[in-house]
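Single-structure report; data block below.
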Amino acid sequence: MKILDWYILKRYLLTFLMMLLLFIPIGITVDLAEKVGKILENKAPFSEVSAYYLDFTVYFANLLFPLFLFLSVIWFTSKLANNTEIVAFLSSGVSFTRFLRPYLIGSTIVAGFALFLGLYLAPIASQGFNEFKFKYLKKNKQVQQTQEIYRQINDNDYIYVSRFIPNRNLGMNFTYEHFDGNELKYKIFADNIRFVEEDSVYRLTSYVKRTYNNGIESIEEERRKDIALPFELEDLTPVEYAAETKPYGELLDFIAAEKRRGSPNIGRYEVVKLKKWSLPVSIYILTIIAVAVSSVKRRGGMGVNLAVGIAIAMIYVFFDKIFGVMAEQSNFPAVIAVWFPNLIFGILAVYLLQNAKR
């Protein structure tokens, strides 16, 4: 049976690789055709465009990994069925469960790679992909909260700015409050705050500090003051794609910090985190569905299997997107939004597998 295992496993991996090599260039071509006007208009350097499409390749592959695999499994399994090879395998006394084993081995290999890609490589690619997109392709689109920003930095410190200008590292009407328990110890006001990168300090204009000690208030005023403060600019207003750009360990710390600060985007961040684990699981589910659908020789040949497969894939994408948006834009639990499509299609996979066995 090792010959059968190796035969199917090689077809599984090679067909999947060919599917990636086929669709990724198509995706790049379509994306370039759509955006070449803006790239030329904004005079993006060739080196940055090349780096963008390298990042796009990883980003695109990670996003559609399960669907590429699903279609590739349907493709080569349908060919096996049309050539009556599956009938020959099963007629020799091989159970359908045993026939499925090399598919599951292949799924494990691909799922392991998908997990590594999602945890470590995809965040790096997402950083470059999004930075290029908002620098050259969506220059006027707001990617950060810039109005009425109120943030809890840690257990004792709170900051507020009425307006933040990201490209100038400038905040207007700045307030900084420091508490000891429930007691306000001091409060800093400034007309504006600017980060001075070369000195790694914040420059406050029209600086006022009110200190409260045993009911006695003291006031310190300066026209301009350079001061170190315990927060980074991204603490003030992280970009909307911040979670996508962080390796898993940093992502956990980032989400924990954002929860303490009361960020309104926790749902979006939780979806990013949970999808890193749900995607590898979906590879197993979609592989089983693809084998169950395409292992039977049908009138109409491979086209029928592909049509059924594409319909299932579109329904899966629909569920995944709808529930993802619900979690990002409402209080809908992220864990349900991410895992519900896998639960529904997992049940479908069991049902189709039982029918295929019969």
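Naming works like this for the structure tokens: A, B, ... for the chains as they're shown, residue 1 at the start of each chain, ligands 1 onward in shown order.
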
Could you pull out the residues in stretch 5-217 of chain A that DSSP calls strand (DSSP E) from the backbone, as a PDB file with N, CA, C and O atoms, in the first residue's frame?
```pdb
ATOM      1  N   GLN A 147      -9.276  61.546  15.181  1.00  0.00           N
ATOM      2  CA  GLN A 147     -10.086  62.539  15.881  1.00  0.00           C
ATOM      3  C   GLN A 147     -10.512  62.002  17.248  1.00  0.00           C
ATOM      4  O   GLN A 147     -10.877  60.833  17.380  1.00  0.00           O
ATOM      5  N   GLU A 148     -10.446  62.887  18.257  1.00  0.00           N
ATOM      6  CA  GLU A 148     -10.951  62.571  19.605  1.00  0.00           C
ATOM      7  C   GLU A 148     -10.404  61.232  20.105  1.00  0.00           C
ATOM      8  O   GLU A 148     -11.146  60.271  20.344  1.00  0.00           O
ATOM      9  N   ILE A 149      -9.112  61.173  20.286  1.00  0.00           N
ATOM     10  CA  ILE A 149      -8.441  59.933  20.700  1.00  0.00           C
ATOM     11  C   ILE A 149      -8.239  59.959  22.210  1.00  0.00           C
ATOM     12  O   ILE A 149      -7.563  60.849  22.748  1.00  0.00           O
ATOM     13  N   TYR A 150      -8.818  58.989  22.895  1.00  0.00           N
ATOM     14  CA  TYR A 150      -8.641  58.843  24.340  1.00  0.00           C
ATOM     15  C   TYR A 150      -8.172  57.424  24.604  1.00  0.00           C
ATOM     16  O   TYR A 150      -8.843  56.464  24.227  1.00  0.00           O
ATOM     17  N   ARG A 151      -6.996  57.287  25.217  1.00  0.00           N
ATOM     18  CA  ARG A 151      -6.391  55.963  25.364  1.00  0.00           C
ATOM     19  C   ARG A 151      -5.881  55.750  26.783  1.00  0.00           C
ATOM     20  O   ARG A 151      -5.314  56.667  27.400  1.00  0.00           O
ATOM     21  N   GLN A 152      -6.055  54.530  27.287  1.00  0.00           N
ATOM     22  CA  GLN A 152      -5.408  54.119  28.529  1.00  0.00           C
ATOM     23  C   GLN A 152      -4.095  53.453  28.152  1.00  0.00           C
ATOM     24  O   GLN A 152      -4.065  52.439  27.461  1.00  0.00           O
ATOM     25  N   ASP A 157      -1.952  55.441  33.603  1.00  0.00           N
ATOM     26  CA  ASP A 157      -1.771  56.589  32.716  1.00  0.00           C
ATOM     27  C   ASP A 157      -2.803  56.612  31.592  1.00  0.00           C
ATOM     28  O   ASP A 157      -3.078  55.582  30.971  1.00  0.00           O
ATOM     29  N   TYR A 158      -3.318  57.816  31.308  1.00  0.00           N
ATOM     30  CA  TYR A 158      -4.305  58.034  30.252  1.00  0.00           C
ATOM     31  C   TYR A 158      -3.867  59.227  29.408  1.00  0.00           C
ATOM     32  O   TYR A 158      -3.292  60.197  29.938  1.00  0.00           O
ATOM     33  N   ILE A 159      -4.129  59.169  28.101  1.00  0.00           N
ATOM     34  CA  ILE A 159      -3.804  60.291  27.230  1.00  0.00           C
ATOM     35  C   ILE A 159      -5.005  60.639  26.361  1.00  0.00           C
ATOM     36  O   ILE A 159      -5.876  59.793  26.110  1.00  0.00           O
ATOM     37  N   TYR A 160      -5.014  61.890  25.904  1.00  0.00           N
ATOM     38  CA  TYR A 160      -6.092  62.361  25.032  1.00  0.00           C
ATOM     39  C   TYR A 160      -5.511  63.371  24.052  1.00  0.00           C
ATOM     40  O   TYR A 160      -4.690  64.221  24.423  1.00  0.00           O
ATOM     41  N   VAL A 161      -5.904  63.287  22.776  1.00  0.00           N
ATOM     42  CA  VAL A 161      -5.639  64.347  21.803  1.00  0.00           C
ATOM     43  C   VAL A 161      -6.919  64.559  21.000  1.00  0.00           C
ATOM     44  O   VAL A 161      -7.641  63.604  20.701  1.00  0.00           O
ATOM     45  N   SER A 162      -7.199  65.804  20.672  1.00  0.00           N
ATOM     46  CA  SER A 162      -8.408  66.090  19.908  1.00  0.00           C
ATOM     47  C   SER A 162      -8.226  65.756  18.440  1.00  0.00           C
ATOM     48  O   SER A 162      -9.181  65.418  17.751  1.00  0.00           O
ATOM     49  N   ARG A 163      -6.964  65.839  17.961  1.00  0.00           N
ATOM     50  CA  ARG A 163      -6.690  65.537  16.564  1.00  0.00           C
ATOM     51  C   ARG A 163      -5.249  65.075  16.436  1.00  0.00           C
ATOM     52  O   ARG A 163      -4.362  65.619  17.084  1.00  0.00           O
ATOM     53  N   PHE A 164      -5.028  64.055  15.606  1.00  0.00           N
ATOM     54  CA  PHE A 164      -3.677  63.533  15.372  1.00  0.00           C
ATOM     55  C   PHE A 164      -3.381  63.556  13.880  1.00  0.00           C
ATOM     56  O   PHE A 164      -4.214  63.132  13.069  1.00  0.00           O
ATOM     57  N   ILE A 165      -2.198  64.081  13.510  1.00  0.00           N
ATOM     58  CA  ILE A 165      -1.772  64.157  12.109  1.00  0.00           C
ATOM     59  C   ILE A 165      -0.618  63.184  11.929  1.00  0.00           C
ATOM     60  O   ILE A 165       0.529  63.487  12.292  1.00  0.00           O
ATOM     61  N   LEU A 170       2.144  64.606  14.866  1.00  0.00           N
ATOM     62  CA  LEU A 170       1.682  65.762  15.627  1.00  0.00           C
ATOM     63  C   LEU A 170       0.285  65.527  16.180  1.00  0.00           C
ATOM     64  O   LEU A 170      -0.614  65.095  15.467  1.00  0.00           O
ATOM     65  N   GLY A 171       0.120  65.813  17.482  1.00  0.00           N
ATOM     66  CA  GLY A 171      -1.191  65.745  18.121  1.00  0.00           C
ATOM     67  C   GLY A 171      -1.595  67.106  18.648  1.00  0.00           C
ATOM     68  O   GLY A 171      -0.752  67.878  19.136  1.00  0.00           O
ATOM     69  N   MET A 172      -2.882  67.421  18.589  1.00  0.00           N
ATOM     70  CA  MET A 172      -3.391  68.723  19.019  1.00  0.00           C
ATOM     71  C   MET A 172      -4.180  68.555  20.320  1.00  0.00           C
ATOM     72  O   MET A 172      -4.864  67.559  20.531  1.00  0.00           O
ATOM     73  N   ASN A 173      -4.074  69.592  21.192  1.00  0.00           N
ATOM     74  CA  ASN A 173      -4.820  69.615  22.467  1.00  0.00           C
ATOM     75  C   ASN A 173      -4.559  68.337  23.266  1.00  0.00           C
ATOM     76  O   ASN A 173      -5.456  67.537  23.524  1.00  0.00           O
ATOM     77  N   PHE A 174      -3.319  68.184  23.680  1.00  0.00           N
ATOM     78  CA  PHE A 174      -2.871  66.967  24.350  1.00  0.00           C
ATOM     79  C   PHE A 174      -3.111  67.053  25.849  1.00  0.00           C
ATOM     80  O   PHE A 174      -2.894  68.097  26.486  1.00  0.00           O
ATOM     81  N   THR A 175      -3.575  65.925  26.419  1.00  0.00           N
ATOM     82  CA  THR A 175      -3.733  65.803  27.867  1.00  0.00           C
ATOM     83  C   THR A 175      -3.160  64.468  28.322  1.00  0.00           C
ATOM     84  O   THR A 175      -3.385  63.446  27.678  1.00  0.00           O
ATOM     85  N   TYR A 176      -2.412  64.509  29.426  1.00  0.00           N
ATOM     86  CA  TYR A 176      -1.824  63.294  29.996  1.00  0.00           C
ATOM     87  C   TYR A 176      -2.175  63.254  31.481  1.00  0.00           C
ATOM     88  O   TYR A 176      -1.897  64.211  32.221  1.00  0.00           O
ATOM     89  N   GLU A 177      -2.781  62.159  31.941  1.00  0.00           N
ATOM     90  CA  GLU A 177      -3.189  62.021  33.333  1.00  0.00           C
ATOM     91  C   GLU A 177      -2.492  60.823  33.961  1.00  0.00           C
ATOM     92  O   GLU A 177      -2.462  59.733  33.370  1.00  0.00           O
ATOM     93  N   HIS A 178      -1.957  61.036  35.173  1.00  0.00           N
ATOM     94  CA  HIS A 178      -1.307  59.946  35.906  1.00  0.00           C
ATOM     95  C   HIS A 178      -2.017  59.747  37.243  1.00  0.00           C
ATOM     96  O   HIS A 178      -2.163  60.692  38.025  1.00  0.00           O
ATOM     97  N   PHE A 179      -2.453  58.499  37.458  1.00  0.00           N
ATOM     98  CA  PHE A 179      -3.175  58.163  38.691  1.00  0.00           C
ATOM     99  C   PHE A 179      -2.345  57.219  39.558  1.00  0.00           C
ATOM    100  O   PHE A 179      -1.514  56.441  39.053  1.00  0.00           O
ATOM    101  N   ASP A 180      -2.587  57.300  40.856  1.00  0.00           N
ATOM    102  CA  ASP A 180      -2.082  56.295  41.794  1.00  0.00           C
ATOM    103  C   ASP A 180      -3.307  55.669  42.431  1.00  0.00           C
ATOM    104  O   ASP A 180      -3.907  56.241  43.347  1.00  0.00           O
ATOM    105  N   GLU A 183      -6.501  57.970  42.762  1.00  0.00           N
ATOM    106  CA  GLU A 183      -6.111  59.345  43.050  1.00  0.00           C
ATOM    107  C   GLU A 183      -5.306  59.941  41.902  1.00  0.00           C
ATOM    108  O   GLU A 183      -4.297  59.368  41.478  1.00  0.00           O
ATOM    109  N   LEU A 184      -5.743  61.081  41.395  1.00  0.00           N
ATOM    110  CA  LEU A 184      -5.015  61.784  40.340  1.00  0.00           C
ATOM    111  C   LEU A 184      -3.794  62.463  40.951  1.00  0.00           C
ATOM    112  O   LEU A 184      -3.921  63.308  41.837  1.00  0.00           O
ATOM    113  N   LYS A 185      -2.595  62.102  40.467  1.00  0.00           N
ATOM    114  CA  LYS A 185      -1.360  62.670  41.006  1.00  0.00           C
ATOM    115  C   LYS A 185      -0.902  63.895  40.225  1.00  0.00           C
ATOM    116  O   LYS A 185      -0.466  64.872  40.819  1.00  0.00           O
ATOM    117  N   TYR A 186      -0.981  63.811  38.890  1.00  0.00           N
ATOM    118  CA  TYR A 186      -0.652  65.010  38.104  1.00  0.00           C
ATOM    119  C   TYR A 186      -1.312  64.916  36.735  1.00  0.00           C
ATOM    120  O   TYR A 186      -1.711  63.844  36.279  1.00  0.00           O
ATOM    121  N   LYS A 187      -1.416  66.084  36.109  1.00  0.00           N
ATOM    122  CA  LYS A 187      -2.067  66.185  34.815  1.00  0.00           C
ATOM    123  C   LYS A 187      -1.275  67.165  33.961  1.00  0.00           C
ATOM    124  O   LYS A 187      -0.935  68.261  34.414  1.00  0.00           O
ATOM    125  N   ILE A 188      -0.973  66.761  32.722  1.00  0.00           N
ATOM    126  CA  ILE A 188      -0.192  67.583  31.802  1.00  0.00           C
ATOM    127  C   ILE A 188      -1.087  68.039  30.661  1.00  0.00           C
ATOM    128  O   ILE A 188      -1.831  67.225  30.092  1.00  0.00           O
ATOM    129  N   PHE A 189      -1.010  69.321  30.321  1.00  0.00           N
ATOM    130  CA  PHE A 189      -1.730  69.877  29.183  1.00  0.00           C
ATOM    131  C   PHE A 189      -0.711  70.458  28.205  1.00  0.00           C
ATOM    132  O   PHE A 189       0.348  70.950  28.607  1.00  0.00           O
ATOM    133  N   ALA A 190      -1.059  70.433  26.896  1.00  0.00           N
ATOM    134  CA  ALA A 190      -0.232  71.099  25.887  1.00  0.00           C
ATOM    135  C   ALA A 190      -1.101  71.398  24.676  1.00  0.00           C
ATOM    136  O   ALA A 190      -2.021  70.640  24.355  1.00  0.00           O
ATOM    137  N   ASP A 191      -0.790  72.514  24.003  1.00  0.00           N
ATOM    138  CA  ASP A 191      -1.537  72.840  22.788  1.00  0.00           C
ATOM    139  C   ASP A 191      -1.278  71.806  21.709  1.00  0.00           C
ATOM    140  O   ASP A 191      -2.169  71.456  20.941  1.00  0.00           O
ATOM    141  N   ASN A 192      -0.044  71.313  21.641  1.00  0.00           N
ATOM    142  CA  ASN A 192       0.251  70.220  20.706  1.00  0.00           C
ATOM    143  C   ASN A 192       1.427  69.402  21.207  1.00  0.00           C
ATOM    144  O   ASN A 192       2.210  69.862  22.058  1.00  0.00           O
ATOM    145  N   ILE A 193       1.538  68.199  20.688  1.00  0.00           N
ATOM    146  CA  ILE A 193       2.611  67.282  21.032  1.00  0.00           C
ATOM    147  C   ILE A 193       3.183  66.718  19.741  1.00  0.00           C
ATOM    148  O   ILE A 193       2.448  66.301  18.854  1.00  0.00           O
ATOM    149  N   ARG A 194       4.503  66.751  19.646  1.00  0.00           N
ATOM    150  CA  ARG A 194       5.171  66.243  18.449  1.00  0.00           C
ATOM    151  C   ARG A 194       6.300  65.310  18.878  1.00  0.00           C
ATOM    152  O   ARG A 194       7.051  65.612  19.820  1.00  0.00           O
ATOM    153  N   PHE A 195       6.419  64.170  18.178  1.00  0.00           N
ATOM    154  CA  PHE A 195       7.499  63.237  18.473  1.00  0.00           C
ATOM    155  C   PHE A 195       8.760  63.668  17.724  1.00  0.00           C
ATOM    156  O   PHE A 195       8.737  63.812  16.498  1.00  0.00           O
ATOM    157  N   VAL A 196       9.860  63.878  18.461  1.00  0.00           N
ATOM    158  CA  VAL A 196      11.147  64.245  17.869  1.00  0.00           C
ATOM    159  C   VAL A 196      11.966  62.969  17.753  1.00  0.00           C
ATOM    160  O   VAL A 196      12.529  62.478  18.744  1.00  0.00           O
ATOM    161  N   VAL A 201      12.153  61.883  22.033  1.00  0.00           N
ATOM    162  CA  VAL A 201      11.375  62.555  23.078  1.00  0.00           C
ATOM    163  C   VAL A 201      10.159  63.196  22.427  1.00  0.00           C
ATOM    164  O   VAL A 201      10.068  63.328  21.206  1.00  0.00           O
ATOM    165  N   TYR A 202       9.219  63.621  23.272  1.00  0.00           N
ATOM    166  CA  TYR A 202       8.047  64.348  22.814  1.00  0.00           C
ATOM    167  C   TYR A 202       8.234  65.835  23.135  1.00  0.00           C
ATOM    168  O   TYR A 202       8.638  66.195  24.238  1.00  0.00           O
ATOM    169  N   ARG A 203       7.939  66.652  22.165  1.00  0.00           N
ATOM    170  CA  ARG A 203       8.053  68.110  22.340  1.00  0.00           C
ATOM    171  C   ARG A 203       6.656  68.688  22.539  1.00  0.00           C
ATOM    172  O   ARG A 203       5.793  68.595  21.647  1.00  0.00           O
ATOM    173  N   LEU A 204       6.433  69.267  23.704  1.00  0.00           N
ATOM    174  CA  LEU A 204       5.136  69.822  24.053  1.00  0.00           C
ATOM    175  C   LEU A 204       5.194  71.347  23.985  1.00  0.00           C
ATOM    176  O   LEU A 204       6.115  71.966  24.536  1.00  0.00           O
ATOM    177  N   THR A 205       4.212  71.938  23.306  1.00  0.00           N
ATOM    178  CA  THR A 205       4.112  73.392  23.181  1.00  0.00           C
ATOM    179  C   THR A 205       3.030  73.906  24.124  1.00  0.00           C
ATOM    180  O   THR A 205       1.968  73.301  24.267  1.00  0.00           O
ATOM    181  N   SER A 206       3.327  75.039  24.781  1.00  0.00           N
ATOM    182  CA  SER A 206       2.422  75.604  25.808  1.00  0.00           C
ATOM    183  C   SER A 206       2.174  74.559  26.893  1.00  0.00           C
ATOM    184  O   SER A 206       1.032  74.205  27.221  1.00  0.00           O
ATOM    185  N   TYR A 207       3.261  74.092  27.479  1.00  0.00           N
ATOM    186  CA  TYR A 207       3.251  73.006  28.454  1.00  0.00           C
ATOM    187  C   TYR A 207       2.753  73.509  29.807  1.00  0.00           C
ATOM    188  O   TYR A 207       3.191  74.551  30.312  1.00  0.00           O
ATOM    189  N   VAL A 208       1.800  72.768  30.390  1.00  0.00           N
ATOM    190  CA  VAL A 208       1.301  73.047  31.732  1.00  0.00           C
ATOM    191  C   VAL A 208       1.189  71.726  32.481  1.00  0.00           C
ATOM    192  O   VAL A 208       0.590  70.772  31.977  1.00  0.00           O
ATOM    193  N   LYS A 209       1.771  71.694  33.687  1.00  0.00           N
ATOM    194  CA  LYS A 209       1.661  70.482  34.512  1.00  0.00           C
ATOM    195  C   LYS A 209       1.068  70.864  35.859  1.00  0.00           C
ATOM    196  O   LYS A 209       1.605  71.718  36.578  1.00  0.00           O
ATOM    197  N   ARG A 210      -0.040  70.236  36.205  1.00  0.00           N
ATOM    198  CA  ARG A 210      -0.684  70.436  37.497  1.00  0.00           C
ATOM    199  C   ARG A 210      -0.430  69.202  38.359  1.00  0.00           C
ATOM    200  O   ARG A 210      -0.818  68.101  37.995  1.00  0.00           O
ATOM    201  N   THR A 211       0.212  69.391  39.493  1.00  0.00           N
ATOM    202  CA  THR A 211       0.540  68.297  40.409  1.00  0.00           C
ATOM    203  C   THR A 211      -0.295  68.450  41.680  1.00  0.00           C
ATOM    204  O   THR A 211      -0.431  69.559  42.220  1.00  0.00           O
ATOM    205  N   TYR A 212      -0.849  67.302  42.155  1.00  0.00           N
ATOM    206  CA  TYR A 212      -1.717  67.316  43.321  1.00  0.00           C
ATOM    207  C   TYR A 212      -1.076  66.468  44.410  1.00  0.00           C
ATOM    208  O   TYR A 212      -0.834  65.272  44.227  1.00  0.00           O
ATOM    209  N   ASN A 213      -0.797  67.098  45.566  1.00  0.00           N
ATOM    210  CA  ASN A 213      -0.127  66.393  46.658  1.00  0.00           C
ATOM    211  C   ASN A 213      -0.808  66.768  47.971  1.00  0.00           C
ATOM    212  O   ASN A 213      -0.692  67.901  48.453  1.00  0.00           O
ATOM    213  N   ILE A 216      -2.901  69.794  47.885  1.00  0.00           N
ATOM    214  CA  ILE A 216      -2.224  71.027  47.479  1.00  0.00           C
ATOM    215  C   ILE A 216      -1.868  70.926  45.999  1.00  0.00           C
ATOM    216  O   ILE A 216      -1.250  69.954  45.565  1.00  0.00           O
ATOM    217  N   GLU A 217      -2.254  71.932  45.246  1.00  0.00           N
ATOM    218  CA  GLU A 217      -1.993  71.936  43.806  1.00  0.00           C
ATOM    219  C   GLU A 217      -0.814  72.855  43.495  1.00  0.00           C
ATOM    220  O   GLU A 217      -0.741  73.993  43.984  1.00  0.00           O
TER     221      GLU A 217
END
```

Practice problem: Please run DSSP on the backbone and report, as an MDAnalysis selection string, all residues within stretch 198-352 of chain A that come out as helix (DSSP H, G or I). | Solution: chainID A and resid 233:236 242:245 248:260 266:294 302:329 334:352

For those residues, write C-alpha atoms to a file as an mmCIF file, in the first residue's frame.
```cif
data_model
loop_
_atom_site.group_PDB
_atom_site.id
_atom_site.type_symbol
_atom_site.label_atom_id
_atom_site.label_comp_id
_atom_site.auth_asym_id
_atom_site.auth_seq_id
_atom_site.Cartn_x
_atom_site.Cartn_y
_atom_site.Cartn_z
ATOM 1 C CA LEU A 233 3.076 56.709 18.679
ATOM 2 C CA GLU A 234 1.378 53.462 17.693
ATOM 3 C CA ASP A 235 -0.032 53.337 21.236
ATOM 4 C CA LEU A 236 -1.717 56.636 20.493
ATOM 5 C CA ALA A 242 -1.698 46.662 12.833
ATOM 6 C CA ALA A 243 -2.709 43.146 13.953
ATOM 7 C CA GLU A 244 -2.004 41.653 10.510
ATOM 8 C CA THR A 245 1.628 42.789 10.624
ATOM 9 C CA TYR A 248 2.012 35.634 16.818
ATOM 10 C CA GLY A 249 3.821 36.409 20.080
ATOM 11 C CA GLU A 250 3.726 40.164 19.434
ATOM 12 C CA LEU A 251 0.108 39.873 18.343
ATOM 13 C CA LEU A 252 -0.918 38.356 21.708
ATOM 14 C CA ASP A 253 0.841 41.180 23.574
ATOM 15 C CA PHE A 254 -0.722 43.760 21.256
ATOM 16 C CA ILE A 255 -4.258 42.420 21.775
ATOM 17 C CA ALA A 256 -3.776 42.285 25.563
ATOM 18 C CA ALA A 257 -2.562 45.911 25.559
ATOM 19 C CA GLU A 258 -5.452 47.036 23.330
ATOM 20 C CA LYS A 259 -7.960 45.362 25.653
ATOM 21 C CA ARG A 260 -6.530 47.307 28.597
ATOM 22 C CA ILE A 266 -10.662 44.209 19.493
ATOM 23 C CA GLY A 267 -13.041 42.153 17.320
ATOM 24 C CA ARG A 268 -10.886 42.766 14.238
ATOM 25 C CA TYR A 269 -7.701 41.843 16.124
ATOM 26 C CA GLU A 270 -9.250 38.675 17.560
ATOM 27 C CA VAL A 271 -10.370 37.585 14.077
ATOM 28 C CA VAL A 272 -6.791 37.945 12.802
ATOM 29 C CA LYS A 273 -5.476 35.879 15.723
ATOM 30 C CA LEU A 274 -8.033 33.070 15.488
ATOM 31 C CA LYS A 275 -7.765 32.726 11.706
ATOM 32 C CA LYS A 276 -4.127 31.722 12.088
ATOM 33 C CA TRP A 277 -5.394 28.511 13.721
ATOM 34 C CA SER A 278 -8.666 28.015 11.874
ATOM 35 C CA LEU A 279 -7.055 28.079 8.420
ATOM 36 C CA PRO A 280 -4.942 24.904 8.951
ATOM 37 C CA VAL A 281 -8.037 23.112 10.291
ATOM 38 C CA SER A 282 -10.034 24.182 7.229
ATOM 39 C CA ILE A 283 -7.428 22.459 5.041
ATOM 40 C CA TYR A 284 -8.369 19.068 6.528
ATOM 41 C CA ILE A 285 -12.095 19.791 6.224
ATOM 42 C CA LEU A 286 -11.950 20.972 2.618
ATOM 43 C CA THR A 287 -9.688 18.059 1.632
ATOM 44 C CA ILE A 288 -12.222 15.542 2.952
ATOM 45 C CA ILE A 289 -15.093 17.345 1.190
ATOM 46 C CA ALA A 290 -13.110 17.472 -2.073
ATOM 47 C CA VAL A 291 -12.314 13.738 -1.960
ATOM 48 C CA ALA A 292 -15.901 12.808 -1.095
ATOM 49 C CA VAL A 293 -17.311 14.955 -3.923
ATOM 50 C CA SER A 294 -14.852 13.964 -6.643
ATOM 51 C CA MET A 302 -14.586 16.281 -14.359
ATOM 52 C CA GLY A 303 -16.549 19.417 -15.193
ATOM 53 C CA VAL A 304 -19.428 18.423 -12.921
ATOM 54 C CA ASN A 305 -17.082 17.818 -9.998
ATOM 55 C CA LEU A 306 -15.344 21.133 -10.561
ATOM 56 C CA ALA A 307 -18.677 22.955 -10.745
ATOM 57 C CA VAL A 308 -19.816 21.392 -7.471
ATOM 58 C CA GLY A 309 -16.453 22.162 -5.905
ATOM 59 C CA ILE A 310 -16.463 25.799 -6.975
ATOM 60 C CA ALA A 311 -20.012 26.211 -5.637
ATOM 61 C CA ILE A 312 -18.977 24.786 -2.247
ATOM 62 C CA ALA A 313 -15.858 26.994 -2.220
ATOM 63 C CA MET A 314 -17.918 30.125 -2.906
ATOM 64 C CA ILE A 315 -20.354 29.268 -0.112
ATOM 65 C CA TYR A 316 -17.412 28.745 2.259
ATOM 66 C CA VAL A 317 -15.915 32.132 1.320
ATOM 67 C CA PHE A 318 -19.343 33.757 1.773
ATOM 68 C CA PHE A 319 -19.744 32.365 5.296
ATOM 69 C CA ASP A 320 -16.169 33.254 6.196
ATOM 70 C CA LYS A 321 -16.475 36.877 5.004
ATOM 71 C CA ILE A 322 -19.943 37.529 6.443
ATOM 72 C CA PHE A 323 -19.097 36.289 9.915
ATOM 73 C CA GLY A 324 -15.676 37.969 9.835
ATOM 74 C CA VAL A 325 -17.261 41.359 9.075
ATOM 75 C CA MET A 326 -19.864 40.807 11.820
ATOM 76 C CA ALA A 327 -17.103 40.262 14.388
ATOM 77 C CA GLU A 328 -15.081 43.253 13.175
ATOM 78 C CA GLN A 329 -17.950 45.749 13.164
ATOM 79 C CA ALA A 334 -14.879 36.543 17.190
ATOM 80 C CA VAL A 335 -14.447 32.882 18.170
ATOM 81 C CA ILE A 336 -17.895 32.036 16.746
ATOM 82 C CA ALA A 337 -17.313 34.150 13.640
ATOM 83 C CA VAL A 338 -14.039 32.392 12.834
ATOM 84 C CA TRP A 339 -14.909 28.816 13.745
ATOM 85 C CA PHE A 340 -18.561 28.650 12.675
ATOM 86 C CA PRO A 341 -17.779 28.110 8.938
ATOM 87 C CA ASN A 342 -15.396 25.286 9.885
ATOM 88 C CA LEU A 343 -18.062 23.763 12.132
ATOM 89 C CA ILE A 344 -20.730 23.841 9.396
ATOM 90 C CA PHE A 345 -18.395 22.510 6.713
ATOM 91 C CA GLY A 346 -16.958 19.966 9.142
ATOM 92 C CA ILE A 347 -20.461 18.518 9.563
ATOM 93 C CA LEU A 348 -20.857 18.582 5.777
ATOM 94 C CA ALA A 349 -17.507 16.781 5.412
ATOM 95 C CA VAL A 350 -18.642 13.976 7.771
ATOM 96 C CA TYR A 351 -21.943 13.605 5.922
ATOM 97 C CA LEU A 352 -20.316 13.484 2.463
#
```

Self-check item: Residue nearest A:Gly128 - candidates A:Phe76, A:Tyr53, A:Phe332, A:Phe99, atoms counted: only C-alpha atoms
Solution: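 The closest residue to A:Gly128 is A:Tyr53.
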
Quiz item: For A:Ser295, which of A:Ile153, A:Leu80, A:Ala114, A:Leu119 is the closest residue, counting only C-alpha atoms?
Solution: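 The shortest atom-to-atom distance to A:Ser295 comes from A:Leu80.
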
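In this comparison, which uses only C-alpha atoms, the residue of A:Ile39, A:Leu64, A:Gly262, A:Phe46 approaching A:Asp155 most closely is A:Gly262.
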
Practice problem: Might you pull out every residue within 10 Å of A:Phe60, with only C-alpha atoms counted and same-chain residues fewer than 2 positions away left off, and present them as a VMD selection string? | Solution: chain A and resid 20 23 to 24 27 to 28 53 to 58 62 to 65 122 125 to 126
